[in-house]
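Visitor: Quick one, model26.txt (compact mmCIF, C-alpha atoms and all ligand atoms):
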# COMPACT_ATOMS: atom_id res chain seq x y z
CA MET A 20 0.00 0.00 0.00
CA ASN A 21 0.92 3.64 -0.35
CA ILE A 22 1.18 5.40 2.97
CA LEU A 23 1.34 9.08 3.96
CA ILE A 24 2.57 10.17 7.36
CA LEU A 25 1.64 13.67 8.59
CA GLY A 26 4.08 15.72 10.66
CA SER A 27 7.72 16.71 10.78
CA GLY A 28 9.26 15.79 14.13
CA GLY A 29 11.21 12.99 15.72
CA ARG A 30 7.96 11.12 16.28
CA GLU A 31 7.21 11.19 12.56
CA HIS A 32 10.73 10.12 11.59
CA THR A 33 10.27 7.16 13.94
CA PHE A 34 6.91 6.28 12.37
CA THR A 35 8.50 6.51 8.94
CA TRP A 36 11.44 4.33 9.99
CA LYS A 37 9.08 1.66 11.40
CA VAL A 38 6.53 1.72 8.54
CA LYS A 39 9.40 1.51 6.04
CA GLN A 40 10.34 -1.90 7.53
CA SER A 41 6.95 -3.35 6.56
CA ASP A 42 6.60 -5.56 3.46
CA LYS A 43 3.12 -4.13 3.11
CA CYS A 44 4.39 -0.62 2.44
CA LYS A 45 5.01 0.24 -1.22
CA ASN A 46 5.40 3.99 -1.54
CA LEU A 47 5.96 6.06 1.58
CA TYR A 48 5.38 9.82 1.81
CA VAL A 49 5.70 12.31 4.65
CA ALA A 50 4.08 15.77 4.75
CA PRO A 51 6.03 17.89 5.39
CA GLY A 52 8.75 15.63 6.92
CA ASN A 53 12.33 16.51 7.80
CA SER A 54 15.89 15.58 6.84
CA GLY A 55 15.48 12.17 8.46
CA THR A 56 12.30 11.18 6.65
CA ASP A 57 13.83 12.55 3.44
CA GLN A 58 16.45 9.78 3.56
CA ILE A 59 13.94 6.92 3.63
CA ALA A 60 10.71 8.30 2.14
CA THR A 61 9.46 11.09 -0.11
CA ASN A 62 8.79 14.39 1.60
CA LEU A 63 5.85 16.42 0.32
CA ASP A 64 5.97 20.15 0.91
CA ILE A 65 2.51 20.32 2.48
CA ALA A 66 1.56 21.43 5.99
CA ALA A 67 -0.14 18.69 8.03
CA THR A 68 -3.17 20.99 8.46
CA ASP A 69 -3.58 21.99 4.79
CA PHE A 70 -6.48 19.63 4.08
CA PRO A 71 -7.16 20.65 0.43
CA ALA A 72 -3.47 20.20 -0.46
CA LEU A 73 -3.44 16.84 1.35
CA LYS A 74 -6.46 15.74 -0.66
CA LYS A 75 -4.73 16.60 -3.91
CA ALA A 76 -1.62 14.65 -2.92
CA VAL A 77 -3.58 11.63 -1.69
CA LEU A 78 -5.41 11.39 -5.03
CA GLU A 79 -2.31 12.01 -7.14
CA LYS A 80 -0.17 9.46 -5.27
CA ALA A 81 -2.99 6.92 -4.78
CA ILE A 82 -2.46 6.91 -1.01
CA ASP A 83 -4.29 4.11 0.85
CA MET A 84 -3.50 5.10 4.43
CA VAL A 85 -2.78 8.34 6.29
CA VAL A 86 -1.06 8.20 9.67
CA VAL A 87 -1.47 11.42 11.66
CA GLY A 88 1.47 12.33 13.91
CA PRO A 89 0.62 15.63 15.67
CA GLU A 90 -2.59 16.75 17.39
CA ASP A 91 -3.39 19.85 15.35
CA PRO A 92 -4.79 18.12 12.25
CA LEU A 93 -6.80 15.75 14.48
CA VAL A 94 -8.27 18.53 16.59
CA GLN A 95 -9.09 20.37 13.33
CA GLY A 96 -10.89 17.27 12.04
CA VAL A 97 -8.64 15.72 9.39
CA HIS A 98 -10.22 12.29 9.87
CA ASP A 99 -13.73 13.74 9.47
CA PHE A 100 -12.57 15.62 6.36
CA PHE A 101 -11.53 12.32 4.76
CA LEU A 102 -14.73 10.51 5.78
CA ALA A 103 -16.92 13.30 4.40
CA ASP A 104 -15.27 13.29 0.96
CA GLU A 105 -16.50 10.76 -1.64
CA GLN A 106 -13.04 10.54 -3.19
CA LEU A 107 -11.23 10.12 0.13
CA LYS A 108 -13.53 8.07 2.32
CA HIS A 109 -11.90 4.74 1.35
CA VAL A 110 -8.54 5.98 2.73
CA ALA A 111 -7.70 4.59 6.18
CA VAL A 112 -6.90 7.40 8.58
CA ILE A 113 -5.02 6.54 11.78
CA GLY A 114 -6.07 9.10 14.39
CA PRO A 115 -9.37 9.89 16.12
CA GLN A 116 -12.19 11.98 14.68
CA LYS A 117 -12.64 15.56 15.79
CA ALA A 118 -15.23 14.85 18.53
CA ALA A 119 -12.81 12.44 20.24
CA ALA A 120 -9.75 14.61 19.61
CA ALA A 121 -11.32 17.10 22.03
CA LEU A 122 -9.85 14.88 24.75
CA GLU A 123 -6.63 16.74 23.96
CA GLY A 124 -8.13 19.88 22.43
CA SER A 125 -10.11 20.80 25.55
CA LYS A 126 -8.93 20.14 29.11
CA GLU A 127 -12.46 20.78 30.38
CA PHE A 128 -13.88 18.17 27.99
CA ALA A 129 -11.24 15.67 29.14
CA LYS A 130 -11.96 16.31 32.82
CA ALA A 131 -15.72 15.94 32.29
CA PHE A 132 -15.08 12.68 30.38
CA MET A 133 -13.01 11.34 33.27
CA SER A 134 -15.54 12.30 35.91
CA ARG A 135 -18.40 10.80 33.85
CA HIS A 136 -16.57 7.49 33.56
CA ASN A 137 -15.07 7.40 37.07
CA ILE A 138 -11.50 7.59 35.84
CA PRO A 139 -9.15 8.66 38.64
CA THR A 140 -7.81 12.20 38.17
CA ALA A 141 -7.25 15.40 40.17
CA ALA A 142 -10.36 17.16 41.54
CA TYR A 143 -11.13 20.23 39.42
CA GLN A 144 -13.48 23.06 38.49
CA SER A 145 -13.52 25.15 35.35
CA PHE A 146 -14.09 28.87 34.93
CA ASP A 147 -14.51 31.56 32.27
CA ALA A 148 -14.32 35.36 32.42
CA SER A 149 -17.88 35.58 33.76
CA THR A 150 -17.02 33.32 36.73
CA LEU A 151 -13.64 34.85 37.61
CA GLU A 152 -14.74 35.67 41.20
CA LYS A 153 -15.83 32.06 41.73
CA GLY A 154 -12.43 31.01 40.41
CA TYR A 155 -10.75 33.14 43.09
CA GLY A 156 -12.97 31.46 45.67
CA PHE A 157 -12.02 28.00 44.41
CA LEU A 158 -8.31 28.88 44.56
CA GLU A 159 -8.80 30.02 48.19
CA SER A 160 -10.32 26.64 49.02
CA LEU A 161 -7.24 24.76 47.71
CA LYS A 162 -3.84 24.21 49.22
CA PRO A 163 -0.80 25.39 47.22
CA PRO A 164 0.67 24.75 44.74
CA TYR A 165 -2.15 25.83 42.43
CA VAL A 166 -2.55 24.18 39.02
CA LEU A 167 -4.08 26.38 36.28
CA LYS A 168 -4.67 24.91 32.83
CA ALA A 169 -5.73 26.77 29.71
CA ASP A 170 -8.61 24.78 28.27
CA GLY A 171 -7.42 24.76 24.65
CA LEU A 172 -4.21 23.88 22.81
CA ALA A 173 -1.39 26.22 23.84
CA ALA A 174 1.67 24.53 22.32
CA GLY A 175 2.48 22.76 25.58
CA LYS A 176 2.72 26.04 27.52
CA GLY A 177 -0.83 26.28 28.88
CA VAL A 178 -0.25 24.71 32.32
CA LEU A 179 0.90 26.94 35.19
CA ILE A 180 1.89 25.61 38.60
CA ILE A 181 2.09 28.43 41.12
CA ASN A 182 2.94 28.44 44.84
CA ASP A 183 1.57 31.83 45.82
CA LEU A 184 -2.20 32.40 46.09
CA GLU A 185 -2.13 36.06 44.99
CA GLU A 186 0.03 35.19 42.01
CA ALA A 187 -2.32 32.35 41.10
CA LYS A 188 -5.28 34.76 41.18
CA ALA A 189 -3.41 37.26 39.02
CA GLU A 190 -2.55 34.55 36.49
CA LEU A 191 -6.14 33.33 36.43
CA LYS A 192 -7.24 36.85 35.51
CA ASN A 193 -4.43 37.08 32.98
CA MET A 194 -5.62 33.92 31.29
CA LEU A 195 -9.37 34.56 31.38
CA VAL A 196 -9.60 38.32 30.97
CA ASP A 197 -6.36 39.31 29.24
CA ALA A 198 -6.22 36.23 26.96
CA LYS A 199 -2.71 35.19 28.04
CA PHE A 200 -2.98 32.15 25.76
CA GLY A 201 -5.41 33.72 23.29
CA ASP A 202 -8.64 31.78 22.77
CA ALA A 203 -7.05 28.74 24.42
CA SER A 204 -7.44 30.40 27.83
CA ALA A 205 -11.02 31.65 27.40
CA LYS A 206 -11.73 28.82 29.84
CA VAL A 207 -9.39 27.65 32.58
CA VAL A 208 -9.41 24.39 34.52
CA ILE A 209 -8.13 24.75 38.09
CA GLU A 210 -7.21 21.48 39.70
CA GLU A 211 -5.85 19.85 42.79
CA PHE A 212 -2.06 19.43 42.75
CA LEU A 213 -0.99 15.81 42.62
CA ASP A 214 2.36 14.87 44.08
CA GLY A 215 4.14 11.90 42.57
CA ILE A 216 6.28 10.57 39.75
CA GLU A 217 4.99 10.77 36.18
CA LEU A 218 4.88 8.17 33.43
CA SER A 219 2.95 7.65 30.23
CA CYS A 220 0.88 4.78 28.97
CA PHE A 221 0.17 4.39 25.25
CA VAL A 222 -2.91 2.61 24.02
CA LEU A 223 -3.92 1.60 20.51
CA THR A 224 -7.65 1.37 19.86
CA ASP A 225 -9.86 0.61 16.88
CA GLY A 226 -12.85 2.01 18.75
CA LYS A 227 -13.84 -1.41 20.13
CA ASN A 228 -10.68 -3.28 21.07
CA TYR A 229 -7.47 -1.99 22.57
CA LYS A 230 -3.83 -2.98 22.97
CA ILE A 231 -1.42 -1.46 25.44
CA LEU A 232 1.98 -0.43 24.14
CA PRO A 233 5.11 -0.26 26.35
CA THR A 234 5.15 2.49 29.00
CA ALA A 235 7.61 5.36 28.79
CA LYS A 236 8.74 8.27 30.91
CA ASP A 237 9.80 11.54 29.40
CA TYR A 238 11.78 14.43 30.85
CA LYS A 239 9.92 17.66 30.14
CA ARG A 240 12.03 20.35 31.79
CA ILE A 241 14.93 22.02 30.00
CA GLY A 242 17.31 21.88 32.97
CA GLU A 243 19.03 19.04 34.77
CA GLY A 244 17.29 17.75 37.87
CA ASP A 245 13.95 18.64 36.22
CA THR A 246 14.38 22.38 36.59
CA GLY A 247 13.59 25.35 34.35
CA LEU A 248 10.98 25.75 31.65
CA ASN A 249 8.82 23.02 30.20
CA THR A 250 9.76 21.70 26.77
CA GLY A 251 8.19 19.17 24.41
CA GLY A 252 10.46 16.58 26.03
CA MET A 253 14.23 16.26 26.46
CA GLY A 254 14.59 12.48 26.62
CA ALA A 255 12.69 9.30 27.38
CA VAL A 256 13.07 5.82 28.80
CA SER A 257 11.00 2.68 28.08
CA PRO A 258 9.99 0.59 29.95
CA VAL A 259 9.50 2.58 33.16
CA PRO A 260 11.26 0.65 35.95
CA PHE A 261 8.71 1.54 38.64
CA ALA A 262 5.75 0.40 36.52
CA THR A 263 5.50 -3.03 38.12
CA PRO A 264 3.00 -5.66 36.84
CA ASP A 265 0.71 -4.82 39.76
CA PHE A 266 0.80 -1.10 38.96
CA LEU A 267 0.27 -1.79 35.24
CA SER A 268 -2.78 -3.86 36.00
CA LYS A 269 -4.22 -0.95 38.04
CA ILE A 270 -3.66 1.29 35.01
CA GLU A 271 -5.43 -1.18 32.73
CA GLU A 272 -8.42 -1.85 35.03
CA ARG A 273 -8.99 1.65 36.41
CA ILE A 274 -7.98 3.78 33.45
CA VAL A 275 -7.55 2.04 30.08
CA LYS A 276 -10.72 -0.09 30.18
CA PRO A 277 -13.05 2.72 31.31
CA THR A 278 -11.43 5.09 28.79
CA VAL A 279 -12.07 2.80 25.81
CA ALA A 280 -15.55 1.90 27.10
CA GLY A 281 -16.25 5.61 27.71
CA LEU A 282 -15.35 6.48 24.12
CA GLN A 283 -17.89 3.93 22.91
CA LYS A 284 -20.61 5.00 25.37
CA ASP A 285 -20.16 8.65 24.45
CA ASN A 286 -20.09 7.85 20.75
CA LEU A 287 -16.62 9.30 20.22
CA PRO A 288 -15.15 7.60 17.13
CA TYR A 289 -11.57 6.62 17.82
CA LYS A 290 -9.11 4.75 15.62
CA GLY A 291 -5.63 5.60 16.74
CA PHE A 292 -3.28 6.14 19.63
CA ILE A 293 -4.35 7.30 23.09
CA PHE A 294 -1.52 8.79 25.12
CA ILE A 295 -2.42 8.77 28.80
CA GLY A 296 -0.22 11.01 30.95
CA LEU A 297 -0.21 9.50 34.44
CA ILE A 298 1.09 10.31 37.86
CA LYS A 299 1.79 7.71 40.53
CA VAL A 300 0.34 9.01 43.79
CA GLY A 301 1.27 6.59 46.55
CA ASN A 302 0.67 3.32 44.73
CA ASP A 303 -2.19 4.52 42.60
CA PRO A 304 -2.24 5.86 39.05
CA LYS A 305 -4.13 9.06 38.29
CA VAL A 306 -4.61 10.72 34.91
CA ILE A 307 -2.89 14.06 34.35
CA GLU A 308 -3.99 14.41 30.74
CA TYR A 309 -5.00 12.66 27.55
CA ASN A 310 -3.29 13.25 24.25
CA VAL A 311 -4.81 11.88 21.07
CA ARG A 312 -1.51 10.94 19.43
CA MET A 313 1.80 9.41 20.36
CA GLY A 314 4.26 11.35 22.50
CA ASP A 315 7.45 12.91 21.24
CA PRO A 316 10.13 11.78 22.27
CA GLU A 317 8.27 8.78 23.78
CA THR A 318 7.67 7.39 20.28
CA GLU A 319 11.45 7.26 19.79
CA VAL A 320 11.66 4.65 22.58
CA VAL A 321 8.30 2.88 22.28
CA LEU A 322 8.27 2.06 18.55
CA PRO A 323 11.85 0.74 18.38
CA ARG A 324 10.83 -1.81 21.07
CA LEU A 325 7.80 -2.96 19.08
CA LYS A 326 8.62 -6.03 17.00
CA THR A 327 5.17 -6.42 15.43
CA ASP A 328 4.70 -5.02 11.93
CA LEU A 329 3.25 -1.52 12.33
CA VAL A 330 1.31 -1.51 9.05
CA THR A 331 -0.43 -4.75 10.10
CA ILE A 332 -1.41 -3.02 13.34
CA PHE A 333 -2.68 0.06 11.48
CA GLN A 334 -4.74 -2.11 9.11
CA ALA A 335 -6.30 -3.85 12.11
CA ILE A 336 -7.14 -0.46 13.62
CA ALA A 337 -8.79 0.62 10.37
CA ASN A 338 -10.76 -2.68 10.07
CA GLN A 339 -11.62 -2.89 13.77
CA THR A 340 -9.84 -6.25 14.11
CA LEU A 341 -7.23 -5.17 16.64
CA ASP A 342 -8.26 -8.14 18.84
CA GLN A 343 -6.67 -10.42 16.24
CA VAL A 344 -3.23 -8.84 16.46
CA SER A 345 -0.71 -9.68 19.15
CA LEU A 346 2.00 -7.24 20.06
CA VAL A 347 5.54 -8.53 20.46
CA VAL A 348 7.83 -6.24 22.43
CA ASP A 349 11.61 -6.25 22.82
CA ASP A 350 12.49 -6.91 26.49
CA ARG A 351 15.44 -4.57 26.38
CA THR A 352 15.29 -0.99 27.57
CA ALA A 353 15.33 1.81 25.02
CA THR A 354 16.40 5.34 25.88
CA THR A 355 16.50 8.50 23.86
CA VAL A 356 18.21 11.80 24.49
CA MET A 357 17.09 14.97 22.68
CA VAL A 358 19.69 17.29 21.31
CA VAL A 359 18.30 20.83 21.16
CA SER A 360 19.16 24.31 19.93
CA GLY A 361 20.71 26.56 22.59
CA GLY A 362 18.01 28.92 23.91
CA TYR A 363 15.14 26.46 23.43
CA PRO A 364 12.33 26.46 24.64
CA GLU A 365 12.64 30.25 24.39
CA SER A 366 14.15 31.91 21.32
CA TYR A 367 16.95 30.14 19.45
CA GLU A 368 18.65 30.37 16.09
CA LYS A 369 18.01 28.06 13.16
CA GLY A 370 19.97 27.02 10.10
CA LYS A 371 23.02 25.71 12.00
CA GLU A 372 24.89 22.97 10.13
CA ILE A 373 24.85 19.62 11.93
CA SER A 374 27.97 17.48 11.69
CA GLY A 375 28.98 14.06 13.00
CA LEU A 376 25.81 12.17 12.02
CA GLU A 377 27.80 9.64 9.98
CA ALA A 378 29.96 8.80 13.01
CA ILE A 379 27.03 7.54 15.09
CA GLU A 380 27.38 3.82 15.81
CA GLY A 381 25.06 1.48 17.71
CA SER A 382 22.31 4.08 18.21
CA ILE A 383 19.47 5.22 15.96
CA THR A 384 19.32 8.92 15.20
CA PHE A 385 15.81 10.24 14.69
CA HIS A 386 15.77 13.69 13.13
CA ALA A 387 13.35 16.23 14.65
CA GLY A 388 13.93 19.93 13.91
CA ALA A 389 16.37 19.34 11.06
CA ILE A 390 16.04 19.82 7.32
CA LYS A 391 18.21 19.39 4.25
CA LYS A 392 19.35 22.67 2.71
CA ASP A 393 21.86 23.01 -0.13
CA GLY A 394 22.96 19.41 0.44
CA LYS A 395 23.63 20.00 4.15
CA ILE A 396 21.62 19.00 7.19
CA VAL A 397 20.80 22.09 9.24
CA THR A 398 18.73 22.85 12.33
CA SER A 399 15.15 24.02 11.75
CA GLY A 400 13.62 23.77 15.22
CA GLY A 401 14.23 23.71 18.95
CA ARG A 402 14.42 19.96 19.33
CA VAL A 403 16.88 18.82 16.68
CA MET A 404 17.81 15.12 16.99
CA ALA A 405 16.78 12.23 19.25
CA VAL A 406 19.51 9.64 19.77
CA THR A 407 17.95 6.28 20.70
CA SER A 408 19.82 3.25 22.08
CA PHE A 409 19.05 -0.17 23.48
CA GLY A 410 20.54 -1.76 26.58
CA ASN A 411 19.89 -4.48 29.11
CA THR A 412 19.42 -1.69 31.63
CA TYR A 413 18.50 1.95 31.12
CA GLN A 414 21.96 2.94 32.34
CA GLU A 415 23.58 0.83 29.61
CA ALA A 416 21.28 2.25 26.93
CA LEU A 417 21.87 5.84 28.08
CA LYS A 418 25.62 5.37 28.02
CA LYS A 419 25.43 4.53 24.31
CA SER A 420 23.18 7.50 23.56
CA TYR A 421 25.57 9.85 25.36
CA GLN A 422 28.69 8.37 23.71
CA ASN A 423 27.12 8.97 20.31
CA ILE A 424 25.84 12.45 21.11
CA GLU A 425 29.42 13.48 21.81
CA LYS A 426 30.14 12.90 18.12
CA LEU A 427 27.42 15.34 17.06
CA HIS A 428 28.02 19.02 16.70
CA PHE A 429 26.24 22.24 15.83
CA ASP A 430 26.59 25.77 17.10
CA LYS A 431 24.98 26.19 20.57
CA MET A 432 23.95 22.52 20.79
CA TYR A 433 22.53 21.51 24.20
CA TYR A 434 21.22 18.35 25.83
CA ARG A 435 20.42 17.14 29.32
CA LYS A 436 23.09 14.85 30.71
CA ASP A 437 20.86 13.41 33.45
CA ILE A 438 18.05 11.58 31.66
CA GLY A 439 16.88 8.76 33.97
CA PHE A 440 18.33 10.49 37.07
CA ASP A 441 15.21 9.88 39.16
CA LEU A 442 14.63 6.21 38.36
P1 LIG B 501 -0.24 18.78 30.92
O1 LIG B 501 -0.04 19.73 29.79
O2 LIG B 501 -1.67 18.62 31.38
O3 LIG B 501 0.49 17.49 30.71
O4 LIG B 501 0.56 19.40 32.16
C1 LIG B 501 1.93 19.70 32.04
C2 LIG B 501 2.64 19.22 33.26
O5 LIG B 501 2.13 19.87 34.41
C3 LIG B 501 2.45 17.74 33.57
O6 LIG B 501 3.33 16.94 32.88
C4 LIG B 501 2.72 17.71 35.05
O7 LIG B 501 4.10 17.70 35.31
C5 LIG B 501 2.16 19.01 35.52
N1 LIG B 501 0.80 18.83 36.04
C6 LIG B 501 -0.36 18.92 35.35
N2 LIG B 501 -1.42 18.72 36.15
C7 LIG B 501 -0.94 18.50 37.38
C8 LIG B 501 -1.55 18.23 38.65
N3 LIG B 501 -2.86 18.17 38.82
N4 LIG B 501 -0.73 18.04 39.71
C9 LIG B 501 0.62 18.11 39.56
N5 LIG B 501 1.25 18.37 38.40
C10 LIG B 501 0.48 18.57 37.32
N1 LIG B 502 6.49 14.36 25.33
C1 LIG B 502 5.21 14.83 25.64
C2 LIG B 502 4.31 15.01 24.50
O1 LIG B 502 4.52 14.51 23.42
O2 LIG B 502 3.30 15.66 24.67
What would the structure in this file look like if it were written as structure tokens?

Guide:
Amino acid sequence: MNILILGSGGREHTFTWKVKQSDKCKNLYVAPGNSGTDQIATNLDIAATDFPALKKAVLEKAIDMVVVGPEDPLVQGVHDFFLADEQLKHVAVIGPQKAAAALEGSKEFAKAFMSRHNIPTAAYQSFDASTLEKGYGFLESLKPPYVLKADGLAAGKGVLIINDLEEAKAELKNMLVDAKFGDASAKVVIEEFLDGIELSCFVLTDGKNYKILPTAKDYKRIGEGDTGLNTGGMGAVSPVPFATPDFLSKIEERIVKPTVAGLQKDNLPYKGFIFIGLIKVGNDPKVIEYNVRMGDPETEVVLPRLKTDLVTIFQAIANQTLDQVSLVVDDRTATTVMVVSGGYPESYEKGKEISGLEAIEGSITFHAGAIKKDGKIVTSGGRVMAVTSFGNTYQEALKKSYQNIEKLHFDKMYYRKDIGFDL
């Protein structure tokens, strides 16, 4: 079959790398892709949210399957767009429809879904500009730190965790009245602070059946010791050592099963990945958030461990026969370390030439914010390369990633040297 992958990050390079290994894949395209996907597939210069241009390409290239990497096209309804078009409706789209993508697109929707289906999560209330005073009252009833979440998509920046009550009130007003995050903060969810260690669980569903992929833990802060600003993710480890069989079965029984059943009950059409951000409070898992896609850089450690053919899995998702597929997973640990542009997640320069890629040995380099320009590979984003390695332990895998990263170079390159420090 001919397959099109949407997106341009490390996650999408990893999808491309894995799909490319399938005998079932004939022609492979990525829109818009990066310098990594360019080496193993055909990049199309189309934004992942440009639906009319995607339609044209899908018809021209006789694409049979579209795999959606990032959340934006899903939240904007790319799957619905395909289903509603006579010429496109036969194309399998991997990713939920718009109504279900609201699990990521609206924090309030996700919280209401969880409370409706008794899925453990932090207590919350939501507010808009007309209920600002009530919001102040709710903050006064909570103990610090205060967790404020912009309802809509805010490029990963919409969550504020604040220790001081007066500052929390000022930020609430900032978000609701002064549109700190634009339309995304027209509503704000305020929730109870949960104290614990985070991990992520990835679920595949065809809308009826589900399969659980390996767990992973990512490192979101820019600075060592989990300090400084939040980023998209600076590294990841899979499996998560503290996710014992007993803890995993709690996740499955209390969270995964009611989530998939809840999607069906609420009539939310879902064929794709569910990324469940979790926090371990005591010995119990609670949901921090849903994402309607795979994580980045979690994909760079989860997919390399998956031995099962990914196109076979995607076909089963499209045909609602996921119960007939069994997942085979590599027992080894995979780690990835993100190499980023100096300055990220604030302002940084682009267009820096990357050298040393050919010297990497025994790790897989997934390109993220990197493109080919005049025959050279140059930086084009904050997160530039993810260097993934296997090991019998996470320490062994990390050692390989770090040895290889030392061979890479570009101006103002930065990476965290402490991935896995808290395990
Ligand atoms: P989110 O965008 O919802 O994943 O939130 C970003 C980060 O904020 C999470 O990864 C957590 O580290 C933190 N966070 C979100 N909600 C809570 C909460 N209720 N309690 C503690 N930390 C939270
Ligand atoms: N690494 C977190 C995310 O993809 O949202």

Visitor: Residues of chain A that have any atom at most 8 Å from an atom of ligand LIG 502 (chain B): could you tabulate them with the shortest-distance atom pair and the distance in Å to one decimal, using only C-alpha atoms and all ligand atoms, ordered by chain and increasing number, as a tab-separated table?

Guide:
residue	atom	partner	partner_atom	distance
A:Gly175	CA	B:LIG502	O2	7.2
A:Asp237	CA	B:LIG502	N1	6.0
A:Tyr238	CA	B:LIG502	N1	7.6
A:Lys239	CA	B:LIG502	N1	6.8
A:Gly251	CA	B:LIG502	N1	5.2
A:Gly252	CA	B:LIG502	N1	4.6
A:Asn310	CA	B:LIG502	O2	7.0
A:Met313	CA	B:LIG502	O1	6.5
A:Gly314	CA	B:LIG502	O1	3.3
A:Asp315	CA	B:LIG502	O1	4.0
A:Pro316	CA	B:LIG502	N1	5.4
A:Glu317	CA	B:LIG502	N1	6.1

Visitor: Collect all residues with atoms no farther than 9 Å from ligand LIG 501 (chain B), counting only C-alpha atoms and all ligand atoms, and output them as a PDB file with C-alpha atoms, in the frame of the given file.

Guide:
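Ended up saving to out-v9.pdb:
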ATOM      1  CA  LYS A 126      -8.930  20.140  29.110  1.00  0.00           C
ATOM      2  CA  THR A 140      -7.810  12.200  38.170  1.00  0.00           C
ATOM      3  CA  ALA A 141      -7.250  15.400  40.170  1.00  0.00           C
ATOM      4  CA  ALA A 142     -10.360  17.160  41.540  1.00  0.00           C
ATOM      5  CA  TYR A 143     -11.130  20.230  39.420  1.00  0.00           C
ATOM      6  CA  PRO A 164       0.670  24.750  44.740  1.00  0.00           C
ATOM      7  CA  TYR A 165      -2.150  25.830  42.430  1.00  0.00           C
ATOM      8  CA  VAL A 166      -2.550  24.180  39.020  1.00  0.00           C
ATOM      9  CA  LEU A 167      -4.080  26.380  36.280  1.00  0.00           C
ATOM     10  CA  LYS A 168      -4.670  24.910  32.830  1.00  0.00           C
ATOM     11  CA  ALA A 173      -1.390  26.220  23.840  1.00  0.00           C
ATOM     12  CA  GLY A 175       2.480  22.760  25.580  1.00  0.00           C
ATOM     13  CA  LYS A 176       2.720  26.040  27.520  1.00  0.00           C
ATOM     14  CA  GLY A 177      -0.830  26.280  28.880  1.00  0.00           C
ATOM     15  CA  VAL A 178      -0.250  24.710  32.320  1.00  0.00           C
ATOM     16  CA  LEU A 179       0.900  26.940  35.190  1.00  0.00           C
ATOM     17  CA  ILE A 180       1.890  25.610  38.600  1.00  0.00           C
ATOM     18  CA  ILE A 209      -8.130  24.750  38.090  1.00  0.00           C
ATOM     19  CA  GLU A 210      -7.210  21.480  39.700  1.00  0.00           C
ATOM     20  CA  GLU A 211      -5.850  19.850  42.790  1.00  0.00           C
ATOM     21  CA  PHE A 212      -2.060  19.430  42.750  1.00  0.00           C
ATOM     22  CA  LEU A 213      -0.990  15.810  42.620  1.00  0.00           C
ATOM     23  CA  ASP A 214       2.360  14.870  44.080  1.00  0.00           C
ATOM     24  CA  GLY A 215       4.140  11.900  42.570  1.00  0.00           C
ATOM     25  CA  ILE A 216       6.280  10.570  39.750  1.00  0.00           C
ATOM     26  CA  GLU A 217       4.990  10.770  36.180  1.00  0.00           C
ATOM     27  CA  LEU A 218       4.880   8.170  33.430  1.00  0.00           C
ATOM     28  CA  LYS A 239       9.920  17.660  30.140  1.00  0.00           C
ATOM     29  CA  ASN A 249       8.820  23.020  30.200  1.00  0.00           C
ATOM     30  CA  GLY A 296      -0.220  11.010  30.950  1.00  0.00           C
ATOM     31  CA  LEU A 297      -0.210   9.500  34.440  1.00  0.00           C
ATOM     32  CA  ILE A 298       1.090  10.310  37.860  1.00  0.00           C
ATOM     33  CA  VAL A 306      -4.610  10.720  34.910  1.00  0.00           C
ATOM     34  CA  ILE A 307      -2.890  14.060  34.350  1.00  0.00           C
ATOM     35  CA  GLU A 308      -3.990  14.410  30.740  1.00  0.00           C
ATOM     36  CA  TYR A 309      -5.000  12.660  27.550  1.00  0.00           C
ATOM     37  CA  ASN A 310      -3.290  13.250  24.250  1.00  0.00           C
TER      38      ASN A 310
END

Visitor: Which residues are near Met133 of chain A? Cut-off 9 Å, all atoms listed in the file, ignore same chain within fewer than 5 positions. Put them as JSON, numbers by chain.

Guide: {"A": [128, 138, 139, 140, 277, 278, 281, 306]}

Visitor: What's the separation between atom CA of Met404 of chain A and atom CA of Val358 of chain A, in Å to one decimal place?

Guide: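 Distance between the two atoms: 5.2 Å.
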
Visitor: Pick out the closest residue to Val208 of chain A from this set: A:Lys371, A:Lys192, A:Lys130, A:Lys392. Count only C-alpha atoms.

Guide: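 Using only C-alpha atoms, Val208 of chain A sits closest to A:Lys130.
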
Visitor: Need to verify the contact set: Thr33 of chain A, 8 Å, all atoms listed in the file, exclusion of same-chain residues closer than 2 positions in sequence. Can you return it as a ChimeraX atom specification?

Guide: /A:29-31,35-37,318-319,322-323,385

Visitor: Could you produce a table of the residues of segment 381-426 of chain A lying within 12 Å of segment 53-68 of chain A, with the nearest pair of atoms per residue and their separation in Å rounded to one decimal, using only C-alpha atoms, ordered by chain and increasing residue number, as a tab-separated table?

Guide:
residue	atom	partner	partner_atom	distance
A:Ile383	CA	A:Gly55	CA	11.0
A:Thr384	CA	A:Gly55	CA	8.4
A:Phe385	CA	A:Gly55	CA	6.5
A:His386	CA	A:Gly55	CA	4.9
A:Ala387	CA	A:Asn53	CA	6.9
A:Gly388	CA	A:Asn53	CA	7.2
A:Ala389	CA	A:Ser54	CA	5.7
A:Ile390	CA	A:Ser54	CA	4.3
A:Lys391	CA	A:Ser54	CA	5.2
A:Lys392	CA	A:Ser54	CA	8.9
A:Asp393	CA	A:Ser54	CA	11.8
A:Gly394	CA	A:Ser54	CA	10.3
A:Lys395	CA	A:Ser54	CA	9.3
A:Ile396	CA	A:Ser54	CA	6.7
A:Val397	CA	A:Ser54	CA	8.5
A:Thr398	CA	A:Ser54	CA	9.5
A:Ser399	CA	A:Asn53	CA	8.9
A:Gly400	CA	A:Asn53	CA	10.5
A:Val403	CA	A:Asn53	CA	10.2
A:Met404	CA	A:Gly55	CA	9.3
A:Ala405	CA	A:Gly55	CA	10.9
